[in-house]
>>> print(open('query08.cif').read())   # mmCIF, C-alpha atoms
data_work
loop_
_atom_site.label_atom_id
_atom_site.label_comp_id
_atom_site.auth_asym_id
_atom_site.auth_seq_id
_atom_site.Cartn_x
_atom_site.Cartn_y
_atom_site.Cartn_z
CA MET A 192 95.99 84.19 116.29
CA PHE A 193 96.09 86.67 113.43
CA PRO A 194 95.38 90.30 114.46
CA HIS A 195 93.49 92.66 112.25
CA HIS A 196 95.56 94.50 109.69
CA ARG A 197 93.57 97.58 110.59
CA GLU A 198 94.71 97.30 114.23
CA ARG A 199 98.31 96.46 113.31
CA GLU A 200 99.08 98.43 110.12
CA GLN A 201 97.98 101.88 109.02
CA PRO A 202 98.32 103.41 105.50
CA ILE A 203 100.47 106.55 105.43
CA PHE A 204 100.69 107.27 101.68
CA SER A 205 99.11 105.98 98.47
CA ALA A 206 99.62 106.59 94.74
CA ARG A 207 98.34 105.01 91.54
CA ALA A 208 100.86 103.53 89.14
CA HIS A 209 101.45 100.68 86.68
CA VAL A 210 103.47 97.94 88.41
CA PHE A 211 106.27 96.01 86.68
CA GLN A 212 108.76 93.31 87.74
CA ILE A 213 112.13 92.54 86.18
CA ASP A 214 112.36 89.40 84.05
CA PRO A 215 114.11 86.82 86.31
CA THR A 216 115.83 85.16 83.32
CA THR A 217 117.16 88.12 81.33
CA LYS A 218 117.33 90.67 84.19
CA ARG A 219 116.73 93.34 81.53
CA ASN A 220 113.12 93.25 80.31
CA TRP A 221 110.13 94.42 82.37
CA ILE A 222 107.13 92.15 82.92
CA PRO A 223 103.79 93.91 83.71
CA ALA A 224 102.42 92.79 87.08
CA SER A 225 99.07 94.58 86.63
CA LYS A 226 96.83 95.14 83.63
CA HIS A 227 96.00 98.70 84.71
CA ALA A 228 97.08 101.29 87.22
CA VAL A 229 96.68 100.12 90.84
CA ASN A 230 97.19 101.65 94.28
CA VAL A 231 100.73 101.39 95.66
CA SER A 232 100.62 102.20 99.38
CA PHE A 233 103.08 102.64 102.25
CA PHE A 234 101.93 100.90 105.48
CA TYR A 235 103.35 101.27 108.99
CA ASP A 236 103.24 98.42 111.53
CA ALA A 237 103.32 100.07 114.98
CA ASN A 238 103.71 96.75 116.83
CA ARG A 239 106.82 95.65 114.94
CA ASN A 240 107.95 99.17 113.99
CA VAL A 241 108.20 98.13 110.31
CA TYR A 242 107.34 99.94 107.07
CA ARG A 243 106.01 98.03 104.07
CA ILE A 244 105.07 98.80 100.44
CA ILE A 245 101.93 96.90 99.43
CA SER A 246 99.99 96.79 96.16
CA VAL A 247 96.99 94.54 95.54
CA SER A 248 95.44 93.69 92.17
CA GLY A 249 92.11 91.94 92.71
CA THR A 250 92.85 89.37 95.43
CA LYS A 251 96.56 89.00 94.62
CA ALA A 252 99.30 90.96 96.36
CA ILE A 253 101.69 91.95 93.53
CA ILE A 254 103.97 93.97 95.86
CA ASN A 255 104.68 93.00 99.48
CA CYS A 256 108.02 94.61 100.26
CA THR A 257 109.50 95.48 103.66
CA VAL A 258 111.43 98.77 103.44
CA THR A 259 115.02 98.50 104.66
CA PRO A 260 117.68 101.22 105.08
CA SER A 261 119.74 99.69 102.26
CA MET A 262 117.01 100.18 99.63
CA SER A 263 117.19 103.01 97.09
CA PHE A 264 114.49 104.32 94.73
CA THR A 265 115.95 105.36 91.36
CA ARG A 266 114.12 107.59 88.86
CA THR A 267 115.08 106.28 85.41
CA SER A 268 112.84 108.65 83.41
CA GLN A 269 110.37 111.49 83.92
CA LYS A 270 107.52 109.14 84.87
CA PHE A 271 109.24 105.84 85.79
CA GLY A 272 111.17 104.68 88.87
CA GLN A 273 112.47 101.40 90.29
CA TRP A 274 113.94 99.78 93.40
CA ALA A 275 115.43 96.38 94.24
CA ASP A 276 114.10 93.98 96.89
CA SER A 277 116.86 91.58 97.90
CA ARG A 278 114.54 89.47 100.05
CA ALA A 279 112.21 88.75 97.13
CA ASN A 280 115.19 88.62 94.72
CA THR A 281 113.47 90.94 92.25
CA VAL A 282 113.31 94.54 91.04
CA TYR A 283 110.03 96.49 91.06
CA GLY A 284 109.22 99.24 88.54
CA LEU A 285 106.46 101.86 88.76
CA GLY A 286 105.08 103.92 85.87
CA PHE A 287 103.19 107.06 86.94
CA ALA A 288 100.79 109.25 85.01
CA THR A 289 102.60 112.51 85.81
CA GLU A 290 106.09 113.56 86.83
CA GLN A 291 104.69 115.17 90.00
CA GLN A 292 103.35 111.79 91.23
CA LEU A 293 106.79 110.26 90.65
CA HIS A 294 108.46 113.02 92.71
CA GLN A 295 105.92 112.56 95.54
CA PHE A 296 106.49 108.78 95.66
CA SER A 297 110.28 109.23 95.55
CA ASP A 298 110.20 111.74 98.43
CA LYS A 299 107.95 109.45 100.50
CA PHE A 300 110.25 106.46 99.78
CA ARG A 301 113.26 108.43 101.03
CA GLU A 302 111.32 109.55 104.13
CA VAL A 303 110.19 105.98 104.96
CA LYS A 304 113.70 104.61 104.38
CA ASP A 305 115.14 107.12 106.89
CA ALA A 306 112.41 106.21 109.39
CA ALA A 307 113.20 102.49 108.92
CA ARG A 308 116.89 103.19 109.54
CA LEU A 309 116.11 105.01 112.83
CA ALA A 310 113.76 102.21 113.88
CA ARG A 311 116.44 99.58 113.21
CA GLU A 312 119.01 101.48 115.25
CA LYS A 313 116.63 101.75 118.20
CA SER A 314 115.54 98.10 118.15
CA GLN A 315 118.92 96.53 117.33
CA ASP A 316 119.46 95.20 120.86
CA LYS A 317 115.98 93.73 120.96
CA GLU A 318 116.46 91.98 117.61
CA LEU A 319 119.77 90.49 118.78
CA ALA A 320 118.09 89.11 121.89
CA ASN A 321 115.24 87.62 119.86
CA SER A 322 117.64 86.05 117.37
CA ALA A 323 119.59 84.46 120.26
CA LEU A 324 116.40 82.96 121.66
CA THR A 325 115.47 81.36 118.33
CA ILE A 326 118.86 79.65 117.72
CA ALA A 327 118.11 76.37 119.54
CA ALA A 328 114.96 74.35 118.86
CA PRO A 329 113.69 72.15 121.71
CA GLN A 330 114.36 68.49 121.01
CA ASP A 331 111.70 67.38 123.47
CA LEU A 332 109.03 68.74 121.17
CA ALA A 333 110.07 66.32 118.44
CA ASP A 334 109.94 63.45 120.95
CA ASP A 335 106.43 64.48 122.01
CA LEU A 336 105.27 64.44 118.43
CA GLN A 337 106.30 60.80 117.97
CA SER A 338 103.53 58.22 118.06
CA PRO A 339 103.26 56.30 121.34
CA PRO A 340 104.03 52.53 121.26
CA VAL A 341 101.14 50.35 120.20
CA MET A 342 100.29 47.79 122.86
CA CYS A 343 98.47 44.57 122.30
CA VAL A 344 95.51 45.80 124.27
CA ASN A 345 92.48 46.51 122.11
CA GLY A 346 90.86 49.21 124.30
CA PRO A 347 93.73 51.76 124.67
CA GLU A 348 94.92 51.22 121.08
CA ASP A 349 91.48 52.07 119.71
CA LYS A 350 91.25 55.23 121.86
CA LEU A 351 94.71 56.34 120.77
CA PHE A 352 93.83 55.89 117.07
CA ARG A 353 90.68 57.97 117.49
CA SER A 354 92.59 60.79 119.25
CA GLN A 355 95.20 60.93 116.45
CA SER A 356 92.44 61.08 113.82
CA ALA A 357 90.78 63.96 115.70
CA ASP A 358 94.13 65.82 115.84
CA ILE A 359 94.61 65.46 112.07
CA THR A 360 91.06 66.68 111.39
CA LEU A 361 91.44 69.70 113.69
CA SER A 362 94.81 70.60 112.15
CA SER A 363 93.40 70.54 108.60
CA GLU A 364 90.40 72.63 109.72
CA LYS A 365 92.72 75.13 111.36
CA GLU A 366 94.86 75.44 108.20
CA ARG A 367 91.74 75.98 106.10
CA ILE A 368 90.48 78.75 108.39
CA LYS A 369 93.93 80.38 108.38
CA LYS A 370 93.85 80.40 104.57
CA MET A 371 90.36 81.98 104.58
CA LEU A 372 91.53 84.62 107.05
CA SER A 373 94.58 85.40 104.89
CA GLU A 374 92.37 85.93 101.83
CA GLY A 375 90.06 88.18 103.88
CA SER A 376 93.07 90.19 105.05
CA ILE A 377 94.19 90.79 101.44
CA CYS A 378 90.69 92.02 100.53
CA GLU A 379 90.66 94.23 103.60
CA MET A 380 94.06 95.65 102.66
CA ASN A 381 92.76 96.44 99.17
CA LEU A 382 89.72 98.22 100.63
CA GLU A 383 91.94 100.22 102.99
CA SER A 384 94.02 101.39 100.02
CA GLU A 385 90.86 102.37 98.13
CA LEU A 386 89.55 104.17 101.21
CA PHE A 387 92.83 106.03 101.63
CA THR A 388 92.65 107.13 97.96
CA LEU A 389 89.02 108.21 98.33
CA GLN A 390 89.84 110.21 101.45
CA ASP A 391 92.69 111.95 99.62
CA SER A 392 90.42 112.75 96.65
CA ASN A 393 87.71 113.89 99.06
CA SER A 394 90.04 116.35 100.78
CA LYS A 395 91.14 117.73 97.40
CA LEU A 396 87.51 118.12 96.30
CA VAL A 397 86.60 119.86 99.56
CA ALA A 398 89.47 122.33 99.10
CA ALA A 399 88.44 122.94 95.48
CA LEU A 400 84.82 123.39 96.53
CA HIS A 401 85.74 125.97 99.18
CA GLU A 402 87.85 127.84 96.64
CA ALA A 403 85.02 127.66 94.10
CA ASN A 404 82.52 128.99 96.65
CA ALA A 405 84.83 131.90 97.41
CA ASN A 406 85.19 132.60 93.69
CA VAL A 407 81.41 132.38 93.23
CA GLU A 408 80.86 135.02 95.89
CA GLN A 409 83.43 137.27 94.28
CA TRP A 410 81.92 136.74 90.86
CA LYS A 411 78.43 137.50 92.19
CA LYS A 412 79.70 140.84 93.46
CA GLN A 413 81.31 141.52 90.10
CA LEU A 414 78.08 140.55 88.33
CA MET A 415 76.11 142.94 90.48
CA ALA A 416 78.59 145.70 89.66
CA TYR A 417 78.38 144.86 85.96
CA GLN A 418 74.59 144.88 86.09
CA GLU A 419 74.59 148.27 87.76
CA GLU A 420 77.03 149.53 85.16
CA THR A 421 74.83 148.09 82.42
CA GLU A 422 71.74 149.80 83.80
CA ARG A 423 73.61 153.07 84.04
CA LEU A 424 74.83 152.77 80.47
CA ARG A 425 71.33 151.94 79.28
CA ASP A 426 70.01 155.03 81.00
CA GLN A 427 72.70 157.08 79.31
CA VAL A 428 71.81 155.53 75.96
CA ALA A 429 68.14 156.35 76.53
CA ASP A 430 69.03 159.96 77.42
CA LEU A 431 71.19 160.25 74.35
CA GLU A 432 68.41 158.87 72.16
CA ALA A 433 66.01 161.40 73.65
CA HIS A 434 68.40 164.28 72.92
CA ALA A 435 69.76 162.86 69.69
CA GLY A 436 70.40 165.23 66.82
CA GLN A 437 74.12 165.94 66.66
CA GLY A 438 76.91 163.82 65.18
CA PRO A 439 79.03 163.51 68.33
CA SER A 440 75.98 162.15 70.21
CA ASP A 441 75.62 159.37 67.66
CA LEU A 442 79.29 158.49 68.07
CA LEU A 443 78.92 158.34 71.85
CA LYS A 444 75.85 156.19 71.43
CA ASP A 445 77.79 153.67 69.33
CA GLU A 446 80.57 153.50 71.93
CA LEU A 447 78.07 152.94 74.71
CA SER A 448 76.30 150.23 72.73
CA GLN A 449 79.61 148.47 72.14
CA SER A 450 80.47 148.68 75.85
CA LEU A 451 77.03 147.30 76.68
CA GLU A 452 77.54 144.32 74.37
CA GLU A 453 80.92 143.59 75.93
CA LEU A 454 79.42 143.69 79.42
CA GLU A 455 76.61 141.34 78.37
CA ALA A 456 79.14 138.87 76.88
CA LEU A 457 81.17 139.00 80.10
CA LEU A 458 78.00 138.44 82.11
CA LYS A 459 77.17 135.36 80.00
CA ALA A 460 80.69 133.95 80.53
CA LYS A 461 80.39 134.36 84.31
CA ASP A 462 77.02 132.57 84.24
CA GLU A 463 78.65 129.63 82.44
CA GLU A 464 81.43 129.47 85.05
CA ILE A 465 78.84 129.40 87.84
CA HIS A 466 77.05 126.53 86.06
CA ILE A 467 80.33 124.55 85.82
CA LEU A 468 80.99 125.04 89.54
CA GLN A 469 77.49 123.82 90.40
CA SER A 470 78.09 120.65 88.34
CA LYS A 471 81.31 120.03 90.32
CA LYS A 472 79.24 120.04 93.51
CA SER A 473 77.31 116.99 92.22
CA ASP A 474 80.62 115.18 91.55
CA TYR A 475 81.64 115.87 95.14
CA HIS A 476 78.44 114.25 96.42
CA GLN A 477 79.13 111.18 94.26
CA MET A 478 82.61 110.86 95.77
CA GLU A 479 81.12 111.04 99.25
CA HIS A 480 78.70 108.24 98.35
CA ALA A 481 81.57 106.08 97.02
CA ARG A 482 83.54 106.72 100.21
CA ASP A 483 80.58 105.64 102.37
CA GLU A 484 80.26 102.44 100.34
CA ALA A 485 83.96 101.68 100.77
CA ILE A 486 83.68 102.23 104.54
CA HIS A 487 80.66 99.89 104.65
CA ARG A 488 82.54 97.17 102.74
CA LEU A 489 85.53 97.58 105.05
CA ARG A 490 83.33 97.12 108.12
CA GLU A 491 81.83 93.97 106.60
CA LYS A 492 85.34 92.57 106.07
CA GLU A 493 86.21 93.38 109.68
CA MET A 494 83.12 91.52 110.89
CA ARG A 495 84.05 88.56 108.71
CA ASN A 496 87.60 88.52 110.09
CA SER A 497 86.20 88.66 113.64
CA GLU A 498 84.04 85.62 112.88
CA LEU A 499 87.02 83.77 111.43
CA GLU A 500 89.09 84.57 114.52
CA ARG A 501 86.30 83.29 116.74
CA ARG A 502 86.20 80.04 114.77
CA ILE A 503 89.96 79.70 115.08
CA GLN A 504 89.68 80.21 118.85
CA ASN A 505 87.06 77.45 119.01
CA SER A 506 89.27 75.17 116.92
CA GLU A 507 92.23 75.83 119.20
CA GLN A 508 90.10 75.10 122.26
CA ASN A 509 88.94 71.83 120.68
CA LEU A 510 92.53 71.02 119.81
CA ASN A 511 93.64 71.66 123.38
CA SER A 512 90.80 69.47 124.66
CA SER A 513 91.86 66.70 122.29
CA LEU A 514 95.46 66.99 123.45
CA GLU A 515 94.36 66.78 127.08
CA GLU A 516 92.23 63.73 126.23
CA ARG A 517 95.21 62.14 124.50
CA ASP A 518 97.42 62.81 127.52
CA ARG A 519 94.80 61.27 129.75
CA MET A 520 94.59 58.17 127.55
CA ASP A 521 98.39 57.94 127.50
CA ALA A 522 98.33 57.95 131.29
CA GLU A 523 95.67 55.20 131.29
CA ILE A 524 97.76 53.14 128.86
CA GLN A 525 100.81 53.58 131.07
CA ARG A 526 98.83 52.42 134.11
CA ALA A 527 97.56 49.43 132.12
CA ILE A 528 101.13 48.57 131.16
CA GLU A 529 102.23 48.77 134.78
CA ILE A 530 99.32 46.54 135.87
CA LEU A 531 100.20 44.03 133.14
CA ASP A 532 103.83 44.05 134.26
CA ILE A 533 102.72 43.34 137.84
CA LYS A 534 100.41 40.54 136.67
CA ILE A 535 103.16 39.03 134.53
CA PHE A 536 105.55 39.21 137.47
CA ASP A 537 102.97 37.54 139.74
CA LEU A 538 102.36 34.82 137.18
CA ASN A 539 106.07 34.26 136.88
CA ASP A 540 106.36 33.88 140.66
CA LEU A 541 103.39 31.54 140.66
CA ARG A 542 104.96 29.45 137.89
CA GLN A 543 108.23 29.20 139.80
CA SER A 544 106.37 28.23 142.98
CA LEU A 545 104.43 25.52 141.15
CA PHE A 546 107.62 24.26 139.58
CA LYS A 547 109.24 24.00 143.00
CA LEU A 548 106.21 22.13 144.40
CA ILE A 549 106.26 19.72 141.50
CA SER A 550 109.99 19.17 141.91
CA LYS A 551 109.52 18.27 145.60
#
>>> encode(input="query08.cif", output="C-alpha cells")
Amino acid sequence: MFPHHREREQPIFSARAHVFQIDPTTKRNWIPASKHAVNVSFFYDANRNVYRIISVSGTKAIINCTVTPSMSFTRTSQKFGQWADSRANTVYGLGFATEQQLHQFSDKFREVKDAARLAREKSQDKELANSALTIAAPQDLADDLQSPPVMCVNGPEDKLFRSQSADITLSSEKERIKKMLSEGSICEMNLESELFTLQDSNSKLVAALHEANANVEQWKKQLMAYQEETERLRDQVADLEAHAGQGPSDLLKDELSQSLEELEALLKAKDEEIHILQSKKSDYHQMEHARDEAIHRLREKEMRNSELERRIQNSEQNLNSSLEERDRMDAEIQRAIEILDIKIFDLNDLRQSLFKLISK
C-alpha cells in the first residue's frame, strides 16, 4: 500500500526560485528545468527520518532529492546557488529574486543537512540490520513463480490456464492503479507546497495588517490633534482679522495662514495613507479566499487517494483469492496425478496377471 504523503511527509520550508540542471554532456552549461519560478520545498518524512527537497512544475517533479550529510549548498553569486546530487548524478541550480531569499534557503539547507547527519548517526545500527536482511533473496519464490507442468488432462489444464490469465489481468490492473495513485500524489505534493506558500504569505499579511491598524490609530490621534490645532489657528486668524489695522498683525496673519495650509496638506497626506491601508485589507481577504480554495483542492485530492487505496485493497484481495484458487486447483491436479498413477499401476498389474494366465 502507498500511504498518504500528507500523513508521511510534512513541509518545513518553501521558497520560489528558477530551477536549473547542469548539462550532462558538457558539465558546464545550465539547462532550465522550469519556464518560470516554482516552489522549492523541504519535506520531512517522520517514518523514515529522512529530509527531501522537492519541486513540482505542473505534474512533473523536477527536483526529488534526498538530503545527505555529504551535500553542500554553494552560493556562486548574489542570487544564485547550487548543490550536487550524487544519486541522481546531476547538479541543481536555483536562481532567486532577492539575495535575502538565497540566504534563507542556504541557512535552511545547512540546518537540514545537520539534522540529516544526526538522524543517520542515530539510525546507523538499524540500517545495517536492514541491509543484512536484504542480502539474500529467497530462491523458493522463483520456483513458485514457475508454471506448473501441463498434464494431458483437459479439465485441470483449462482451469490452470484461466487462473494464470486472471493473475495477469489483476497484475496489470494493480500497476495501472499504482500509476494513478503516483500521479495523484504528485498533484497533492504540489498543492501542499502552494498551501505552505499561501500560509506564509497569510502570516506576513496578518502581521502587516496589525501593524497598519496600529499606525492607523496613531495617525487618527495625530489627525485629531492637527484638526484641533487648525481650529485654534483659524480662531486666531479670525480674531486677528477682527482687530486688523497694524502691520505686525498682517505679518502674523500671513504666518498663520501658511501654517494652516501646511497642516491641511499634511492632513490630506494622512487621508491618502489611510486609503492605501484600507485597500490592503481587501488584498488580505483575497489571499484568504485563495487559501481556502487550495485547502478545498487538497481535501479533494486526499479523497481521491483514499478511493484509489480502497481499489488497490480490493485488487489485492481479488489477487489473494485467485492465488488461493490456483493453489486449490494445483492440489486437485496433484490428486488427479496420484489417482492416474494408481490406475496405471493397477492396469500394469492386471496386464501382467493376464499375461501369466495366457502363458499357463
>>> residues_around(input="query08.cif", residues="stretch 401-413 of chain A", least_positions_apart="4", cutoff="9 Å", atoms="all atoms listed in the file", output="list in words")
Leu396, Val397, Tyr417, Gln418, Lys461, Glu464, Ile465 and Leu468 of chain A
>>> atom_distance(input="query08.cif", atom1="atom CA of A:Ala208", atom2="atom CA of A:Ala398")
24.1 Å
>>> atom_distance(input="query08.cif", atom1="atom CA of A:Ala288", atom2="atom CA of A:Ile203")
20.6 Å
>>> closest_residue(input="query08.cif", among="A:Ala237, A:Gly272, A:Ser544, A:Gln449", to="A:Gln212", atoms="only C-alpha atoms")
A:Gly272
>>> closest_residue(input="query08.cif", among="A:Met262, A:Ala307, A:Leu414, A:Leu489", to="A:Lys459", atoms="only C-alpha atoms")
A:Leu414
>>> residues_around(input="query08.cif", residues="stretch 243-246 of chain A", least_positions_apart="3", cutoff="6 Å", atoms="all atoms listed in the file", output="list in words")
Asn230, Val231, Ser232, Phe233, Phe234, Ala252, Ile253, Ile254, Asn255, Cys256, Thr257 and Val258 of chain A
>>> resolve_selection(input="query08.cif", expression="the PyMOL selection byres ((chain A and resi 213) around 9)", output="PDB file with C-alpha atoms, in the frame of the given file")
ATOM      1  CA  PHE A 211     106.270  96.010  86.680  1.00  0.00           C
ATOM      2  CA  GLN A 212     108.760  93.310  87.740  1.00  0.00           C
ATOM      3  CA  ASP A 214     112.360  89.400  84.050  1.00  0.00           C
ATOM      4  CA  PRO A 215     114.110  86.820  86.310  1.00  0.00           C
ATOM      5  CA  THR A 216     115.830  85.160  83.320  1.00  0.00           C
ATOM      6  CA  THR A 217     117.160  88.120  81.330  1.00  0.00           C
ATOM      7  CA  LYS A 218     117.330  90.670  84.190  1.00  0.00           C
ATOM      8  CA  ARG A 219     116.730  93.340  81.530  1.00  0.00           C
ATOM      9  CA  ASN A 220     113.120  93.250  80.310  1.00  0.00           C
ATOM     10  CA  TRP A 221     110.130  94.420  82.370  1.00  0.00           C
ATOM     11  CA  ILE A 222     107.130  92.150  82.920  1.00  0.00           C
ATOM     12  CA  PRO A 223     103.790  93.910  83.710  1.00  0.00           C
ATOM     13  CA  THR A 281     113.470  90.940  92.250  1.00  0.00           C
ATOM     14  CA  VAL A 282     113.310  94.540  91.040  1.00  0.00           C
ATOM     15  CA  TYR A 283     110.030  96.490  91.060  1.00  0.00           C
ATOM     16  CA  GLY A 284     109.220  99.240  88.540  1.00  0.00           C
TER      17      GLY A 284
END
>>> atom_distance(input="query08.cif", atom1="atom CA of A:Arg311", atom2="atom CA of A:Lys251")
29.2 Å
>>> residues_around(input="query08.cif", residues="A:Gln295", least_positions_apart="5", cutoff="10 Å", atoms="all atoms listed in the file", output="list in words")
Phe204, Ser205, Ala206, Glu290 and Phe300 of chain A
>>> residues_around(input="query08.cif", residues="A:His209", least_positions_apart="2", cutoff="7 Å", atoms="all atoms listed in the file", output="number ranges by chain")
A: 211, 225, 227-229, 285-287
>>> closest_residue(input="query08.cif", among="A:Tyr235, A:Phe536, A:Tyr475, A:Phe271", to="A:Ser394", atoms="only C-alpha atoms")
A:Tyr475
>>> residues_around(input="query08.cif", residues="A:Val303", least_positions_apart="5", cutoff="9 Å", atoms="all atoms listed in the file", output="list of chain:residue names")
A:Phe233, A:Tyr242, A:Val258, A:Thr259, A:Pro260, A:Asp298, A:Arg308
>>> write_last_selection(input="query08.cif", atoms="C-alpha atoms", output="PDB file, keeping the file's coordinate frame")
ATOM      1  CA  PHE A 233     103.080 102.640 102.250  1.00  0.00           C
ATOM      2  CA  TYR A 242     107.340  99.940 107.070  1.00  0.00           C
ATOM      3  CA  VAL A 258     111.430  98.770 103.440  1.00  0.00           C
ATOM      4  CA  THR A 259     115.020  98.500 104.660  1.00  0.00           C
ATOM      5  CA  PRO A 260     117.680 101.220 105.080  1.00  0.00           C
ATOM      6  CA  ASP A 298     110.200 111.740  98.430  1.00  0.00           C
ATOM      7  CA  ARG A 308     116.890 103.190 109.540  1.00  0.00           C
TER       8      ARG A 308
END
>>> closest_residue(input="query08.cif", among="A:Ala224, A:Leu457, A:Leu447, A:Leu545", to="A:Leu424", atoms="only C-alpha atoms")
A:Leu447
